[in-house]
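One file, target.tsv, is given below (TSV, C-alpha atoms).
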chain	number	residue	atom	x	y	z
A	1	MET	CA	29.63	15.91	114.93
A	2	ILE	CA	29.56	12.85	112.79
A	3	ALA	CA	28.28	10.42	115.38
A	4	SER	CA	25.58	12.55	116.90
A	5	GLY	CA	24.07	13.18	113.52
A	6	THR	CA	23.94	16.94	113.57
A	7	LEU	CA	25.00	16.73	109.96
A	8	ARG	CA	21.68	15.63	108.63
A	9	ALA	CA	22.44	14.63	105.08
A	10	PRO	CA	24.27	11.29	104.99
A	11	ILE	CA	26.40	12.35	102.06
A	12	LEU	CA	27.78	15.28	104.03
A	13	ARG	CA	28.50	12.95	106.93
A	14	HIS	CA	30.48	10.58	104.74
A	15	LEU	CA	32.28	13.50	103.19
A	16	ALA	CA	33.25	14.84	106.60
A	17	ALA	CA	34.52	11.42	107.66
A	18	GLY	CA	36.53	11.15	104.48
A	19	LEU	CA	38.00	14.60	105.01
A	20	PHE	CA	39.06	13.70	108.55
A	21	LEU	CA	40.69	10.53	107.28
A	22	LEU	CA	42.46	12.37	104.51
A	23	ALA	CA	43.63	15.05	106.91
A	24	GLY	CA	44.97	12.36	109.19
A	25	LEU	CA	46.85	10.75	106.33
A	26	LEU	CA	48.31	14.01	105.14
A	27	VAL	CA	49.27	15.09	108.62
A	28	SER	CA	51.09	11.86	109.33
A	29	ALA	CA	53.40	12.30	106.35
A	30	PRO	CA	55.01	15.63	107.32
A	31	ARG	CA	55.95	14.15	110.67
A	32	ALA	CA	58.76	12.37	108.85
A	33	SER	CA	59.94	15.73	107.58
A	34	ALA	CA	60.64	16.87	111.12
A	35	SER	CA	62.85	13.88	111.78
A	36	THR	CA	64.71	14.19	108.48
A	37	ALA	CA	65.08	17.93	108.94
A	38	ALA	CA	66.27	17.38	112.47
A	39	ALA	CA	68.82	14.90	111.22
A	40	ALA	CA	70.00	17.29	108.51
A	41	LYS	CA	70.41	20.26	110.81
A	42	PRO	CA	73.57	19.19	112.64
A	43	ALA	CA	75.31	18.68	109.31
A	44	GLU	CA	74.91	22.41	108.69
A	45	HIS	CA	75.50	23.59	112.23
A	46	ALA	CA	78.37	21.26	112.91
A	47	SER	CA	80.63	24.21	113.53
A	48	ALA	CA	78.35	25.68	116.16
A	49	GLY	CA	79.12	23.30	118.97
A	50	GLU	CA	76.25	24.42	121.12
A	51	HIS	CA	73.52	23.10	118.87
A	52	LYS	CA	74.17	19.40	118.78
A	53	ALA	CA	70.53	18.57	118.90
A	54	ALA	CA	68.55	15.90	117.14
A	55	HIS	CA	71.47	13.80	115.98
A	56	HIS	CA	70.69	10.86	118.16
A	57	GLU	CA	71.50	7.32	117.25
A	58	GLY	CA	69.03	4.62	117.93
A	59	PRO	CA	65.92	3.22	116.37
A	60	PRO	CA	63.78	5.64	114.38
A	61	GLU	CA	60.90	7.14	116.25
A	62	LEU	CA	58.05	9.42	115.36
A	63	PRO	CA	58.91	12.99	116.27
A	64	ASN	CA	56.80	14.68	118.88
A	65	LEU	CA	55.96	18.29	119.60
A	66	ALA	CA	59.17	19.10	121.40
A	67	GLU	CA	61.33	17.70	118.65
A	68	ALA	CA	59.25	19.52	116.07
A	69	ILE	CA	59.71	22.82	117.88
A	70	GLY	CA	63.39	22.09	118.18
A	71	ALA	CA	63.69	21.31	114.50
A	72	PHE	CA	61.62	24.12	113.04
A	73	ALA	CA	62.73	26.92	115.34
A	74	PRO	CA	66.27	26.12	116.36
A	75	GLU	CA	67.30	29.71	116.83
A	76	THR	CA	64.99	30.50	119.71
A	77	ARG	CA	65.92	29.60	123.26
A	78	VAL	CA	62.88	27.37	123.60
A	79	GLY	CA	63.74	25.62	120.38
A	80	LYS	CA	67.32	25.03	121.46
A	81	PHE	CA	66.19	23.73	124.83
A	82	LEU	CA	63.55	21.40	123.46
A	83	GLY	CA	65.50	20.26	120.45
A	84	ASN	CA	68.39	19.11	122.58
A	85	HIS	CA	68.00	15.44	123.20
A	86	ASN	CA	69.74	15.68	126.53
A	87	ASN	CA	66.68	17.46	127.86
A	88	TRP	CA	64.39	14.47	127.57
A	89	TRP	CA	63.61	14.73	131.26
A	90	VAL	CA	61.49	17.78	130.51
A	91	VAL	CA	59.70	16.43	127.47
A	92	ARG	CA	58.68	12.99	128.61
A	93	PRO	CA	56.95	13.82	131.89
A	94	PHE	CA	55.24	16.68	130.11
A	95	PHE	CA	53.03	14.34	128.11
A	96	ALA	CA	52.24	12.22	131.12
A	97	LEU	CA	51.28	15.29	133.12
A	98	LEU	CA	49.21	16.53	130.20
A	99	MET	CA	47.28	13.27	130.29
A	100	VAL	CA	46.76	13.60	134.03
A	101	LEU	CA	45.50	17.15	133.53
A	102	ILE	CA	43.05	16.02	130.86
A	103	PHE	CA	41.73	13.27	133.10
A	104	VAL	CA	41.39	15.52	136.13
A	105	LEU	CA	39.50	18.16	134.17
A	106	LEU	CA	37.24	15.60	132.52
A	107	LEU	CA	36.37	13.69	135.64
A	108	THR	CA	35.92	16.77	137.82
A	109	GLY	CA	33.55	18.16	135.24
A	110	VAL	CA	31.56	14.95	135.21
A	111	TYR	CA	31.50	14.75	138.99
A	112	LYS	CA	30.27	18.30	139.44
A	113	LYS	CA	27.42	17.88	137.00
A	114	ARG	CA	26.40	14.42	138.09
A	115	SER	CA	22.72	13.64	138.37
A	116	VAL	CA	20.40	10.70	138.64
A	117	HIS	CA	19.53	11.14	134.96
A	118	PRO	CA	23.00	11.03	133.51
A	119	GLY	CA	24.08	12.78	130.37
A	120	ARG	CA	26.18	11.14	127.73
A	121	LEU	CA	29.59	11.84	129.25
A	122	GLN	CA	28.52	10.66	132.67
A	123	THR	CA	27.10	7.48	131.16
A	124	ALA	CA	30.33	6.79	129.35
A	125	VAL	CA	32.41	7.28	132.50
A	126	GLU	CA	30.00	5.12	134.48
A	127	MET	CA	30.24	2.38	131.88
A	128	VAL	CA	34.01	2.35	132.18
A	129	VAL	CA	33.92	2.36	135.97
A	130	GLU	CA	31.38	-0.45	136.05
A	131	ALA	CA	33.40	-2.62	133.66
A	132	LEU	CA	36.51	-2.12	135.78
A	133	ASP	CA	34.50	-2.81	138.92
A	134	ASN	CA	33.32	-6.14	137.51
A	135	LEU	CA	36.82	-7.06	136.47
A	136	ILE	CA	38.60	-6.20	139.72
A	137	CYS	CA	35.93	-7.21	142.22
A	138	GLY	CA	35.61	-10.47	140.34
A	139	ILE	CA	39.19	-11.23	141.21
A	140	LEU	CA	39.67	-9.63	144.60
A	141	GLY	CA	36.22	-9.97	146.10
A	142	ARG	CA	33.79	-7.18	146.96
A	143	ASP	CA	35.40	-5.44	149.93
A	144	VAL	CA	39.05	-5.50	148.94
A	145	GLY	CA	38.16	-4.93	145.31
A	146	ARG	CA	36.26	-1.76	146.07
A	147	ALA	CA	39.16	-0.49	148.16
A	148	TYR	CA	41.66	-1.09	145.38
A	149	LEU	CA	39.43	-0.10	142.48
A	150	PRO	CA	40.74	3.49	142.29
A	151	PHE	CA	44.35	2.38	141.98
A	152	LEU	CA	43.98	-0.67	139.75
A	153	GLY	CA	41.17	0.68	137.59
A	154	GLY	CA	42.95	3.98	137.29
A	155	LEU	CA	46.08	2.10	136.29
A	156	PHE	CA	44.23	0.51	133.40
A	157	VAL	CA	42.65	3.70	132.11
A	158	TYR	CA	45.81	5.75	132.62
A	159	ILE	CA	48.11	3.26	130.90
A	160	MET	CA	45.71	2.75	128.03
A	161	SER	CA	45.37	6.46	127.41
A	162	LEU	CA	49.12	6.98	127.71
A	163	ASN	CA	49.72	4.24	125.17
A	164	LEU	CA	47.12	5.59	122.77
A	165	PHE	CA	48.42	9.13	123.13
A	166	GLY	CA	51.39	8.27	120.98
A	167	LEU	CA	49.17	7.79	117.96
A	168	PHE	CA	48.15	11.43	117.88
A	169	PRO	CA	50.25	13.62	115.62
A	170	LEU	CA	52.98	15.53	117.42
A	171	ALA	CA	52.44	13.59	120.64
A	172	MET	CA	54.40	10.75	122.14
A	173	SER	CA	53.35	8.05	124.52
A	174	PRO	CA	55.22	8.45	127.78
A	175	THR	CA	55.11	4.68	128.25
A	176	SER	CA	57.49	4.28	125.32
A	177	PHE	CA	60.19	5.29	127.77
A	178	TYR	CA	61.57	2.95	130.39
A	179	ALA	CA	61.36	5.46	133.25
A	180	THR	CA	57.58	5.85	133.04
A	181	THR	CA	56.89	2.14	132.96
A	182	GLY	CA	59.46	1.59	135.68
A	183	ALA	CA	57.71	4.16	137.84
A	184	LEU	CA	54.35	2.48	137.29
A	185	ALA	CA	55.83	-0.88	138.21
A	186	VAL	CA	57.37	0.61	141.35
A	187	CYS	CA	53.90	1.96	142.26
A	188	THR	CA	52.48	-1.52	141.92
A	189	VAL	CA	55.24	-3.03	144.04
A	190	LEU	CA	54.69	-0.39	146.72
A	191	VAL	CA	50.95	-1.06	146.83
A	192	THR	CA	51.51	-4.82	146.94
A	193	GLN	CA	54.06	-4.64	149.76
A	194	TYR	CA	51.92	-2.18	151.71
A	195	THR	CA	48.95	-4.53	151.38
A	196	ALA	CA	51.04	-7.48	152.47
A	197	PHE	CA	52.49	-5.77	155.52
A	198	THR	CA	49.20	-4.30	156.70
A	199	LYS	CA	47.02	-7.31	156.09
A	200	LEU	CA	49.39	-10.04	157.20
A	201	GLY	CA	51.73	-8.25	159.58
A	202	VAL	CA	55.48	-8.57	159.46
A	203	LYS	CA	55.41	-12.09	160.92
A	204	GLY	CA	52.75	-13.13	158.43
A	205	VAL	CA	54.74	-11.76	155.54
A	206	VAL	CA	57.90	-13.61	156.55
A	207	LEU	CA	55.93	-16.83	157.03
A	208	HIS	CA	54.41	-16.28	153.61
A	209	TRP	CA	57.84	-15.88	152.13
A	210	LEU	CA	59.01	-19.05	153.81
A	211	GLY	CA	56.02	-20.84	152.37
A	212	ASN	CA	54.16	-21.42	155.63
A	213	PRO	CA	56.48	-24.07	157.06
A	214	GLU	CA	55.16	-26.56	159.57
A	215	ASP	CA	57.98	-28.89	160.47
A	216	GLY	CA	61.76	-28.97	160.41
A	217	VAL	CA	62.17	-30.09	156.84
A	218	THR	CA	59.96	-27.38	155.44
A	219	TRP	CA	61.70	-24.78	157.64
A	220	ALA	CA	65.02	-25.70	156.06
A	221	VAL	CA	63.54	-25.79	152.58
A	222	GLY	CA	61.88	-22.46	153.25
A	223	PHE	CA	65.03	-20.71	154.42
A	224	ILE	CA	67.31	-22.04	151.75
A	225	ILE	CA	65.11	-22.09	148.70
A	226	LEU	CA	61.84	-20.29	149.17
A	227	LEU	CA	62.97	-17.15	151.00
A	228	PRO	CA	65.56	-15.95	148.46
A	229	LEU	CA	63.27	-16.97	145.63
A	230	HIS	CA	60.34	-15.02	147.03
A	231	ILE	CA	62.40	-11.94	147.80
A	232	VAL	CA	63.93	-11.89	144.33
A	233	GLU	CA	60.51	-12.49	142.82
A	234	ASP	CA	58.75	-9.79	144.83
A	235	PHE	CA	61.30	-7.03	144.45
A	236	ILE	CA	63.13	-7.73	141.21
A	237	VAL	CA	61.27	-10.06	138.90
A	238	LYS	CA	57.79	-8.59	139.25
A	239	PRO	CA	58.55	-4.91	138.69
A	240	VAL	CA	61.14	-5.58	136.00
A	241	SER	CA	58.83	-7.87	134.07
A	242	LEU	CA	55.91	-5.46	134.36
A	243	ALA	CA	57.98	-2.49	133.25
A	244	ALA	CA	59.85	-4.33	130.52
A	245	ARG	CA	56.74	-5.84	129.01
A	246	LEU	CA	54.94	-2.53	128.75
A	247	TYR	CA	58.01	-0.59	127.60
A	248	GLY	CA	59.00	-3.15	124.99
A	249	ASN	CA	55.54	-3.39	123.50
A	250	ILE	CA	54.86	0.32	123.25
A	251	PHE	CA	58.37	1.37	122.23
A	252	GLY	CA	58.51	-1.41	119.66
A	253	GLU	CA	55.20	-0.23	118.26
A	254	ASP	CA	56.49	3.35	118.01
A	255	VAL	CA	59.65	2.19	116.28
A	256	LEU	CA	57.57	0.14	113.87
A	257	LEU	CA	55.43	3.17	113.06
A	258	GLY	CA	58.50	5.33	112.59
A	259	ALA	CA	60.20	2.83	110.30
A	260	MET	CA	57.05	2.33	108.24
A	261	LEU	CA	56.55	6.06	107.95
A	262	SER	CA	60.07	6.74	106.72
A	263	MET	CA	59.67	3.87	104.29
A	264	GLY	CA	56.46	5.43	103.02
A	265	VAL	CA	58.17	8.77	102.48
A	266	SER	CA	61.17	7.22	100.81
A	267	ILE	CA	59.00	5.34	98.33
A	268	LEU	CA	57.64	8.55	96.85
A	269	VAL	CA	61.01	10.27	96.90
A	270	PHE	CA	60.96	10.76	93.15
A	271	LEU	CA	58.03	13.15	93.33
A	272	PRO	CA	58.74	16.89	93.43
A	273	LYS	CA	57.82	17.98	96.89
A	274	HIS	CA	57.79	21.77	96.97
A	275	GLY	CA	58.83	21.69	100.60
A	276	ILE	CA	56.13	19.32	101.83
A	277	PRO	CA	57.13	15.65	101.88
A	278	VAL	CA	54.39	13.35	100.77
A	279	GLY	CA	54.39	9.70	101.65
A	280	LEU	CA	52.30	6.62	101.19
A	281	PRO	CA	50.37	5.88	104.38
A	282	LEU	CA	52.15	2.59	104.93
A	283	GLU	CA	51.86	2.86	108.66
A	284	LEU	CA	48.06	2.78	108.67
A	285	PRO	CA	47.58	-0.95	109.37
A	286	PHE	CA	50.19	-0.72	112.09
A	287	MET	CA	48.28	2.08	113.73
A	288	PHE	CA	45.30	-0.23	114.01
A	289	LEU	CA	47.60	-2.87	115.47
A	290	ALA	CA	48.84	-0.24	117.90
A	291	LEU	CA	45.25	0.34	119.07
A	292	LEU	CA	44.94	-3.34	119.88
A	293	THR	CA	48.34	-3.63	121.51
A	294	SER	CA	47.83	-0.55	123.68
A	295	THR	CA	44.59	-1.84	125.12
A	296	ILE	CA	45.89	-5.35	125.67
A	297	GLN	CA	49.07	-4.19	127.38
A	298	ALA	CA	47.13	-1.88	129.69
A	299	LEU	CA	44.79	-4.75	130.54
A	300	VAL	CA	47.69	-7.11	131.19
A	301	PHE	CA	49.45	-4.60	133.43
A	302	SER	CA	46.42	-3.88	135.57
A	303	LEU	CA	45.32	-7.52	135.67
A	304	LEU	CA	48.77	-8.61	136.78
A	305	SER	CA	48.81	-5.94	139.47
A	306	THR	CA	45.44	-7.19	140.67
A	307	ILE	CA	46.71	-10.76	140.81
A	308	TYR	CA	49.85	-9.68	142.70
A	309	VAL	CA	47.63	-7.97	145.28
A	310	LEU	CA	45.46	-11.09	145.42
A	311	MET	CA	48.44	-13.29	146.13
A	312	VAL	CA	49.43	-11.38	149.28
A	313	LEU	CA	45.96	-11.34	150.76
A	314	PRO	CA	45.35	-13.87	153.52
A	315	HIS	CA	44.17	-17.14	152.07
A	316	GLU	CA	41.63	-19.44	153.66
A	317	ASP	CA	43.25	-22.67	152.59
A	318	HIS	CA	45.79	-24.21	154.95
A	319	ASP	CA	47.73	-26.33	152.51
A	320	GLU	CA	49.30	-23.39	150.76
A	321	HIS	CA	52.81	-24.58	151.51
A	322	HIS	CA	52.10	-27.74	149.56
A	323	GLU	CA	51.29	-25.61	146.55
A	324	ALA	CA	54.41	-23.51	147.09
A	325	ALA	CA	56.58	-26.62	147.34
A	326	ASP	CA	55.02	-28.04	144.20
A	327	VAL	CA	55.59	-24.81	142.29
A	328	HIS	CA	59.19	-24.28	143.30
A	329	ALA	CA	60.34	-27.89	143.38
B	1	MET	CA	80.63	-7.65	109.08
B	2	ASN	CA	80.47	-7.16	112.78
B	3	LEU	CA	79.49	-10.40	114.46
B	4	LEU	CA	77.97	-8.52	117.36
B	5	GLN	CA	75.51	-6.80	115.05
B	6	LEU	CA	74.45	-10.21	113.84
B	7	ALA	CA	73.84	-11.48	117.34
B	8	TYR	CA	70.98	-9.18	118.27
B	9	PRO	CA	68.48	-10.03	115.53
B	10	LEU	CA	69.47	-13.69	115.82
B	11	GLY	CA	68.65	-13.60	119.52
B	12	VAL	CA	65.27	-12.04	118.85
B	13	GLY	CA	64.61	-14.64	116.20
B	14	ILE	CA	65.43	-17.53	118.51
B	15	ALA	CA	63.19	-16.05	121.19
B	16	ALA	CA	60.43	-15.75	118.62
B	17	ILE	CA	60.61	-19.50	117.96
B	18	GLY	CA	59.67	-20.25	121.55
B	19	SER	CA	56.95	-17.62	121.54
B	20	GLY	CA	55.51	-19.00	118.35
B	21	LEU	CA	55.31	-22.51	119.72
B	22	GLY	CA	53.84	-21.36	123.02
B	23	LEU	CA	51.29	-19.08	121.42
B	24	GLY	CA	50.27	-21.80	119.02
B	25	ARG	CA	49.55	-24.17	121.88
B	26	ALA	CA	47.73	-21.55	123.93
B	27	VAL	CA	45.51	-20.25	121.17
B	28	GLY	CA	44.89	-23.78	119.91
B	29	SER	CA	43.68	-24.89	123.32
B	30	ALA	CA	41.53	-21.79	123.57
B	31	MET	CA	39.95	-22.49	120.19
B	32	GLU	CA	39.27	-26.06	121.17
B	33	ALA	CA	37.69	-24.99	124.46
B	34	MET	CA	35.55	-22.43	122.65
B	35	GLY	CA	34.42	-25.12	120.29
B	36	ARG	CA	33.39	-27.37	123.13
B	37	GLN	CA	31.40	-24.69	124.94
B	38	PRO	CA	30.51	-21.70	122.78
B	39	GLU	CA	28.61	-19.89	125.52
B	40	ALA	CA	31.83	-19.51	127.55
B	41	ALA	CA	33.61	-17.99	124.55
B	42	GLY	CA	33.87	-14.54	126.12
B	43	LYS	CA	35.72	-15.68	129.22
B	44	ILE	CA	37.93	-18.03	127.24
B	45	GLN	CA	38.83	-15.27	124.83
B	46	THR	CA	39.77	-12.89	127.64
B	47	GLY	CA	41.99	-15.50	129.22
B	48	MET	CA	43.55	-16.30	125.88
B	49	ILE	CA	44.41	-12.66	125.23
B	50	VAL	CA	46.01	-12.27	128.65
B	51	GLY	CA	47.98	-15.49	128.27
B	52	ALA	CA	49.10	-14.47	124.80
B	53	ALA	CA	50.39	-11.17	126.19
B	54	PHE	CA	52.49	-13.03	128.76
B	55	ILE	CA	53.98	-15.37	126.18
B	56	GLU	CA	54.61	-12.48	123.81
B	57	ALA	CA	56.41	-10.59	126.56
B	58	LEU	CA	59.28	-13.07	126.51
B	59	THR	CA	60.14	-12.13	122.94
B	60	ILE	CA	59.74	-8.48	123.88
B	61	TYR	CA	62.41	-8.94	126.58
B	62	ALA	CA	64.81	-10.11	123.87
B	63	LEU	CA	63.84	-7.11	121.75
B	64	ILE	CA	64.50	-4.76	124.66
B	65	SER	CA	68.07	-5.96	124.90
B	66	VAL	CA	68.52	-4.78	121.32
B	67	PHE	CA	67.25	-1.31	122.26
B	68	LEU	CA	69.31	-1.14	125.42
B	69	ALA	CA	72.51	-2.03	123.65
B	70	LYS	CA	72.17	0.47	120.83
What does the file become when written as structure tokens?
Amino acid sequence: MIASGTLRAPILRHLAAGLFLLAGLLVSAPRASASTAAAAKPAEHASAGEHKAAHHEGPPELPNLAEAIGAFAPETRVGKFLGNHNNWWVVRPFFALLMVLIFVLLLTGVYKKRSVHPGRLQTAVEMVVEALDNLICGILGRDVGRAYLPFLGGLFVYIMSLNLFGLFPLAMSPTSFYATTGALAVCTVLVTQYTAFTKLGVKGVVLHWLGNPEDGVTWAVGFIILLPLHIVEDFIVKPVSLAARLYGNIFGEDVLLGAMLSMGVSILVFLPKHGIPVGLPLELPFMFLALLTSTIQALVFSLLSTIYVLMVLPHEDHDEHHEAADVHA
Amino acid sequence: MNLLQLAYPLGVGIAAIGSGLGLGRAVGSAMEAMGRQPEAAGKIQTGMIVGAAFIEALTIYALISVFLAK
């Protein structure tokens, strides 16, 4: 509405933008009320042993929709189920699946209405696809890059949107949870190993792990040093580092936002609230930092996955074992 | 004062020293390269951001151990 200029008068446009900003600021403050209310509830219901929800230790986080439902309606069955922190396995995939649903609906709609003269949505999607195509085919080459563009490009867009989803009110980013990032890393490892075993063959993969040995000395070096190192690297170091990097960045950002938000509410604690907590928007600069971090971490994840796929493709150079010996020596 | 509660932030702080040094070198080299050849600034900046994310990740691993222990 603002960008397309249907509001003709510029003053009205600025006023609408200001109202959206103000609404965003005011909405972000009551989110702290859900967490403080959720922390206060078990003090009252301590006798009722069934409702031990929302009293979880750990770093402060922004509450999401499930926790809000659990805090504001704890008497209903849905509220009890969602407010219980032991039921995280329902809440966290829910947001990831919601994102998948949004993407599927959006892209199916664009695909059905595609034409040679594209509309605005189709142009936007094509811009994204073309940028990802340049990035991935620039690394992997045309043929292999096109084959892996759906997975690696989709990884980037999916992870970036999952990361950014946590900035919406009442939503959480599923990547701020170690299981989601671990699953994504396992996907990358599966794709990499599948590529290795289909493009190189089992013998080629084992020779690659041994560092392409050519004489007796390099056979011994390969078996003793390179083989365990490569196996540990391929199956432990790569997925753990991918998952831990993404999880730590996004969860740390969420914790930072939560801590800043509770600090903002506690600054204005002297004001009479009339049931609505008001806080200074101290977390606003960190939300901008979260935009940057989300995009960069998604880019790093997908770029690293691309490079891992590149490293198992057959090389043309024959002195690869010299490079491997130089790296690991 | 529990000594174990002191250890976690201290560990993150020590990890941050290494990250700070590494990031300083990386970004400094990137700035220098951009100064030498301003028309390649886009590629250099992309590489710098990716490298900075890797170096930053090492401090994040130390931070994760704090979350996992609590």
With a distance threshold of 10 Å and counting all atoms listed in the file, extract the residues of chain A near chain B and express them as a list in words.
Glu57, Gly58, Pro59, Ser241, Leu242, Ala244, Arg245, Leu246, Tyr247, Gly248, Asn249, Phe251, Gly252, Thr293, Ile296, Gln297, Leu299, Val300, Phe301, Leu303 and Leu304 of chain A
Any idea what's packed within 10 Å of Ala30 of chain B, counting only C-alpha atoms, ignoring anything in its chain fewer than 6 positions away? Could you give it as a list in words?
Gly24, Arg36, Ala41, Ile44, Gln45, Thr46, Gly47, Met48 and Ile49 of chain B
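Residues in contact with Phe156 of chain A at up to 7 Å, not including ones fewer than 4 positions away on its chain and judged by all atoms listed in the file, are A:Leu152, A:Met160, A:Ala298, A:Leu299, A:Ser302.
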Can you write just those residues out, C-alpha atoms, as a short mmCIF file (atom, residue, chain, number, x, y, z; two decimals), keeping the file's coordinate frame?
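Output (result26.cif):
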data_model
loop_
_atom_site.label_atom_id
_atom_site.label_comp_id
_atom_site.auth_asym_id
_atom_site.auth_seq_id
_atom_site.Cartn_x
_atom_site.Cartn_y
_atom_site.Cartn_z
CA LEU A 152 43.98 -0.67 139.75
CA MET A 160 45.71 2.75 128.03
CA ALA A 298 47.13 -1.88 129.69
CA LEU A 299 44.79 -4.75 130.54
CA SER A 302 46.42 -3.88 135.57
#
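The shell of residues at most 6 Å from segment 279-287 of chain A, with only C-alpha atoms counted and near chain neighbours (fewer than 2 positions) removed, consists of Ala29, Leu257, Met260, Leu261, Gly264, Val265, Leu268, Leu289 and Ala290 of chain A.
Of note, atom CA of Leu200 of chain A and atom CA of Ile231 of chain A are spaced 16.2 Å apart.
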Edge lengths and centre in Å to one decimal, as AutoDock Vina command-line options, is what I'm after for the box along x, y and z that holds all listed atoms of segment 234-237 of chain A once 8 Å is added on each side.
--center_x 60.9 --center_y -8.5 --center_z 141.9 --size_x 20.4 --size_y 19.0 --size_z 21.9
